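Worksheet: the structure to be examined is printed underneath.
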Amino acid sequence: MRDRPAASRQAESALLRGALDVLDDAIVVVDPTGKFVSWNRTAARLVGVPVDASPEAWTEAFGVFFPDERTPCPTESIPLWRALQGERVEDVELYVKNPRAPQGIHVLASARPILGEQGRVRGGVVVFRDVTLAKVAKAALGHAEARMRAIVSNTPNIAIEGYDLQGRVLYWNRAAERLFGWSEDEVVGKTLDGMMLDTPSTAKFVETLEEIARTGMPNGPNEWSCYRKDGSQVWVYSTIFSIPTITGACEFVCMDVDVTPLKHAENRIREQAQRMEAQATDNANLFHEALEAISARDDFLAVASHELRTPLTPLKLQLERLVRDARAGAHQERLAPALEVAYRQVGRLAALIDRLLDVSRITAGKLDLCLDEIDLCALVHDVVTRFGREIEDAGCQLSFPHDKPILGTWDRLRLEQVVTNLLGNATKYGRGKPIEIGLEADEGTVHLTVRDHGVGIAPEDQGKIFERFERAVTNQSFGGLGLGLWIVRQIVETHGGAVRVESAPGKGSTFQVELPRWRRTLDESQGPLSISQGT
Ligand code: ADP
């Protein structure tokens, strides 16, 4: 290489000097003995350069300390000195305080040996920069972060969690640990799937995070249902928002308030409201039933008064005629038939009144049975005999081809009532047609059937005719109170038996009564049996 002209070298050196002076970094060059050879303006401005100071005096001359600002930095630790020893020194922080830098500054220094031929050290160079402000800023940042962390982790009743865009936990405060039962260590880096949320809810959570990232708008407060570590359910009111990170990615903060007690209270109130609603419906139904019962009672009173009046009118006429005839001295032959009619009408009235009395007794649960050993076959014969005239008037032929005694423990009068009611109905609804009574018995049970060939009963009415006041015919076509079969059922069931009907409209009806013959529970000391209130 040819030597350049001196003028050119001078110009180059001036340019280099100028370049070094405009740098923000300080540069100082020493020869192998540590004598200061060159330094730029920034070095002079920051710390000054005590040109006469030998390396042993640098600590004091520059005022060099370790970063704790108290401990003097010995010469052998000063980067420039270490460079003179052949070492490459990287980013060593020191504190410099001297008359030029009376406030003291923190510097970050790197130094290199300047090597000559065969690697001999020809000098050293140090480059350093004032990092006081950066250090203060870093400390302030650290403090701010520590303060933030302290606030987050000590917030007592709000669970605060950080998430990344994939829904992985970044941090988790103590309130979150208390609320969900998972420690921060257990959850950081994981998604909530299978821990606090099921898979669909986790997907919804991640969708919510994506939405927040897209719009920049916070989400909530919304109600989320999660699971604690122990598997119990917890409800939280969550607000989720995003904060930008220095890398430009999104970090999400989720703040949860536990509303489980409120939720339970809400559920209790809802259940109570439902119960009250059901109660109100029940009351409305009861009210409705009461109205229906009142209406049924009014109907019954109308029918009952009509029924009671029906025999009264001819009876009154008969009695008037009798009185007239008797006053006129009429003969016994003339009076007897009229008296018979009157007697029958009185009997009918008495039967009606008995029936009404039965209803009130049964309804009050006071139908007592006086059980006795009786012959049912003889009992039926008695009733049939008493019915003779009525059966004849109705134009029916009756067959009861049984005469073998059938013994059992029953209430005679009540069973007479059963047979009377069934036979009465067969006569009433089967006028002009035959009536057959059947009686069969095995060891424990007796079966009584009363078959007619009259109007019959529609299938839809067959279930209800055994209820109180239920009739399958109109008052215009057949009189009646709708009580006979109900009383039959009550008596039969009180005896431990059952009654049913088989019938078809226009084809007649067969009523079947099944009675146990012997009451196993019968005990003389128990006295008469009572029935509970019937429907
Ligand atoms: P009532 O005969 O006074 O109306 P019951 O309780 O004895 O009351 O009978 C209830 C209803 O059953 C009757 O109104 C009638 O419609 C029907 N019923 C009862 N017995 C017969 C029968 N043998 N044939 C047809 N219908 C009958």
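All residue names refer to the structure tokens as shown: chains lettered A, B, ... in order, residues numbered from 1 in each chain, ligands numbered from 1 in order.
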
8 Å from ligand 1 is the threshold here; counting only C-alpha atoms and all ligand atoms, which polymer residues fall inside it? Answer as a PyMOL selection string.
chain A and resi 421-423+425-430+451-452+454-457+461-462+465-474+478-487+503+508-511

Output N, CA and C atoms for every residue in that selection, as a compact mmCIF listing (two decimals), in the first residue's frame.
```txt
# COMPACT_ATOMS: atom_id res chain seq x y z
N ASN A 421 -132.10 -51.95 44.98
CA ASN A 421 -131.69 -50.91 44.02
C ASN A 421 -131.46 -51.51 42.64
N LEU A 422 -130.76 -52.66 42.57
CA LEU A 422 -130.47 -53.26 41.27
C LEU A 422 -131.75 -53.74 40.60
N LEU A 423 -132.61 -54.36 41.41
CA LEU A 423 -133.88 -54.86 40.84
C LEU A 423 -134.77 -53.69 40.43
N ASN A 425 -133.78 -50.75 39.40
CA ASN A 425 -133.25 -50.19 38.15
C ASN A 425 -133.62 -51.09 36.97
N ALA A 426 -133.49 -52.42 37.18
CA ALA A 426 -133.82 -53.35 36.09
C ALA A 426 -135.29 -53.17 35.68
N THR A 427 -136.16 -52.95 36.65
CA THR A 427 -137.59 -52.76 36.37
C THR A 427 -137.81 -51.42 35.67
N LYS A 428 -137.07 -50.38 36.18
CA LYS A 428 -137.26 -49.03 35.64
C LYS A 428 -136.72 -48.91 34.21
N TYR A 429 -135.49 -49.46 33.99
CA TYR A 429 -134.85 -49.26 32.68
C TYR A 429 -135.10 -50.44 31.73
N GLY A 430 -135.84 -51.46 32.22
CA GLY A 430 -136.10 -52.63 31.33
C GLY A 430 -137.58 -52.99 31.30
N ARG A 451 -129.72 -59.21 35.59
CA ARG A 451 -129.67 -58.92 34.14
C ARG A 451 -131.04 -58.46 33.66
N ASP A 452 -131.02 -57.33 32.90
CA ASP A 452 -132.27 -56.92 32.25
C ASP A 452 -132.01 -56.82 30.76
N GLY A 454 -133.18 -54.11 28.90
CA GLY A 454 -133.76 -52.79 28.64
C GLY A 454 -132.88 -51.86 27.81
N VAL A 455 -132.89 -50.56 28.20
CA VAL A 455 -132.27 -49.53 27.35
C VAL A 455 -130.74 -49.66 27.26
N GLY A 456 -130.15 -50.28 28.27
CA GLY A 456 -128.69 -50.44 28.23
C GLY A 456 -127.97 -49.12 28.54
N ILE A 457 -126.66 -49.20 28.62
CA ILE A 457 -125.86 -48.01 28.99
C ILE A 457 -124.70 -47.87 28.00
N ASP A 461 -120.60 -44.10 29.52
CA ASP A 461 -121.29 -43.78 30.78
C ASP A 461 -121.07 -44.86 31.84
N GLN A 462 -120.59 -46.02 31.40
CA GLN A 462 -120.56 -47.16 32.33
C GLN A 462 -119.64 -46.92 33.53
N ILE A 465 -121.55 -44.18 36.21
CA ILE A 465 -122.87 -44.34 36.84
C ILE A 465 -122.78 -44.77 38.30
N PHE A 466 -121.59 -45.24 38.72
CA PHE A 466 -121.44 -45.62 40.14
C PHE A 466 -121.02 -44.42 41.00
N GLU A 467 -120.89 -43.23 40.33
CA GLU A 467 -120.53 -42.03 41.09
C GLU A 467 -121.81 -41.34 41.55
N ARG A 468 -121.62 -40.47 42.55
CA ARG A 468 -122.77 -39.77 43.12
C ARG A 468 -123.39 -38.79 42.13
N PHE A 469 -124.69 -38.80 42.01
CA PHE A 469 -125.48 -37.89 41.16
C PHE A 469 -125.25 -38.09 39.67
N GLU A 470 -124.55 -39.15 39.30
CA GLU A 470 -124.28 -39.37 37.87
C GLU A 470 -125.42 -40.19 37.28
N ARG A 471 -125.92 -39.71 36.15
CA ARG A 471 -127.02 -40.40 35.48
C ARG A 471 -126.68 -40.47 33.99
N ALA A 472 -127.11 -41.55 33.36
CA ALA A 472 -126.86 -41.69 31.93
C ALA A 472 -128.15 -41.48 31.13
N VAL A 473 -129.19 -41.02 31.82
CA VAL A 473 -130.48 -40.77 31.15
C VAL A 473 -130.97 -39.39 31.56
N THR A 474 -131.96 -38.87 30.83
CA THR A 474 -132.49 -37.54 31.18
C THR A 474 -133.65 -37.70 32.17
N PHE A 478 -136.56 -40.73 32.39
CA PHE A 478 -136.61 -41.55 33.62
C PHE A 478 -136.33 -40.66 34.82
N GLY A 479 -137.19 -40.75 35.85
CA GLY A 479 -136.93 -40.02 37.07
C GLY A 479 -135.83 -40.71 37.86
N GLY A 480 -135.24 -39.99 38.80
CA GLY A 480 -134.20 -40.63 39.63
C GLY A 480 -133.22 -39.59 40.15
N LEU A 481 -132.51 -39.97 41.20
CA LEU A 481 -131.58 -39.03 41.84
C LEU A 481 -130.12 -39.31 41.45
N GLY A 482 -129.87 -40.42 40.79
CA GLY A 482 -128.48 -40.75 40.45
C GLY A 482 -127.70 -41.16 41.68
N LEU A 483 -128.38 -41.79 42.65
CA LEU A 483 -127.71 -42.16 43.90
C LEU A 483 -127.70 -43.66 44.16
N GLY A 484 -128.67 -44.39 43.54
CA GLY A 484 -128.85 -45.80 43.87
C GLY A 484 -127.58 -46.61 43.67
N LEU A 485 -126.95 -46.50 42.52
CA LEU A 485 -125.76 -47.31 42.24
C LEU A 485 -124.58 -46.88 43.10
N TRP A 486 -124.52 -45.57 43.39
CA TRP A 486 -123.44 -45.11 44.26
C TRP A 486 -123.57 -45.77 45.64
N ILE A 487 -124.83 -45.81 46.14
CA ILE A 487 -125.05 -46.44 47.45
C ILE A 487 -124.72 -47.93 47.37
N SER A 503 -122.79 -53.86 29.64
CA SER A 503 -124.01 -53.35 29.02
C SER A 503 -123.72 -52.86 27.61
N GLY A 508 -129.72 -54.08 26.98
CA GLY A 508 -129.84 -54.43 28.38
C GLY A 508 -128.53 -54.36 29.13
N SER A 509 -128.64 -54.59 30.44
CA SER A 509 -127.45 -54.46 31.30
C SER A 509 -127.39 -55.63 32.27
N THR A 510 -126.15 -55.99 32.61
CA THR A 510 -125.96 -57.01 33.65
C THR A 510 -125.07 -56.43 34.74
N PHE A 511 -125.63 -56.32 35.93
CA PHE A 511 -124.85 -55.84 37.07
C PHE A 511 -124.35 -57.04 37.85
```

Apply DSSP to the backbone of this structure and, from stretch 43-114 of chain A, keep only the residues in strand (DSSP E); write these as a ChimeraX atom specification.
/A:64-65,89-98,101-114

When you count only C-alpha atoms, which of these residues is closest to A:Arg412: A:Ile158, A:Leu20, A:Ala441, A:Leu376?
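The shortest atom-to-atom distance to A:Arg412 comes from A:Leu376.
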
Selection near A:Asn222, 9 Å with only C-alpha atoms, sequence-local residues under 5 positions removed, as a PDB file with N, CA, C and O atoms, in the first residue's frame:
```pdb
ATOM      1  N   VAL A 236     -70.073 -17.141  37.966  1.00  0.00           N
ATOM      2  CA  VAL A 236     -69.339 -15.885  38.094  1.00  0.00           C
ATOM      3  C   VAL A 236     -69.892 -14.858  37.111  1.00  0.00           C
ATOM      4  O   VAL A 236     -70.442 -15.211  36.072  1.00  0.00           O
ATOM      5  N   TYR A 237     -69.748 -13.604  37.537  1.00  0.00           N
ATOM      6  CA  TYR A 237     -70.035 -12.490  36.640  1.00  0.00           C
ATOM      7  C   TYR A 237     -68.684 -12.049  36.101  1.00  0.00           C
ATOM      8  O   TYR A 237     -67.831 -11.612  36.877  1.00  0.00           O
ATOM      9  N   SER A 238     -68.460 -12.188  34.781  1.00  0.00           N
ATOM     10  CA  SER A 238     -67.130 -11.961  34.221  1.00  0.00           C
ATOM     11  C   SER A 238     -67.096 -10.756  33.296  1.00  0.00           C
ATOM     12  O   SER A 238     -67.980 -10.589  32.462  1.00  0.00           O
ATOM     13  N   THR A 239     -66.040  -9.974  33.487  1.00  0.00           N
ATOM     14  CA  THR A 239     -65.747  -8.915  32.521  1.00  0.00           C
ATOM     15  C   THR A 239     -64.388  -9.257  31.921  1.00  0.00           C
ATOM     16  O   THR A 239     -63.445  -9.535  32.664  1.00  0.00           O
TER      17      THR A 239
END
```

Polymer residues at most 9 Å from A:Met217, only C-alpha atoms, same-chain spacing of 4 or more positions, as a ChimeraX atom specification:
/A:211-213,241-242

Export of the given selection (C-alpha atoms) as a compact mmCIF listing (two decimals), in the first residue's frame:
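That gives us selection_30.txt:
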```
# COMPACT_ATOMS: atom_id res chain seq x y z
CA GLU A 211 -64.17 -11.20 19.34
CA ILE A 212 -62.54 -8.87 21.89
CA ALA A 213 -59.28 -8.96 19.90
CA PHE A 241 -60.94 -7.03 28.19
CA SER A 242 -57.68 -6.96 26.27
```

Using only C-alpha atoms, which residues sit within 9 Å of A:Tyr163 once same-chain residues fewer than 3 positions away are excluded, as a VMD selection string?
chain A and resid 166 to 171 189 191 209 250 to 254

Please measure the separation of atom CA of A:Val206 and atom CA of A:Leu165, giving the value in Å to one decimal.
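Distance between the two atoms: 7.2 Å.
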
Work out how far atom CA of A:Glu266 is from atom CA of A:Thr281, in Å to one decimal.
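Computing the Euclidean distance for atom CA of A:Thr281 and atom CA of A:Glu266 yields 22.2 Å.
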
Could you list, as number ranges by chain, every residue within 12 Å of stretch 311-321 of chain A, counting only C-alpha atoms and ignoring same-chain residues fewer than 2 positions away?
A: 304-309, 323-328, 330, 334-352, 479
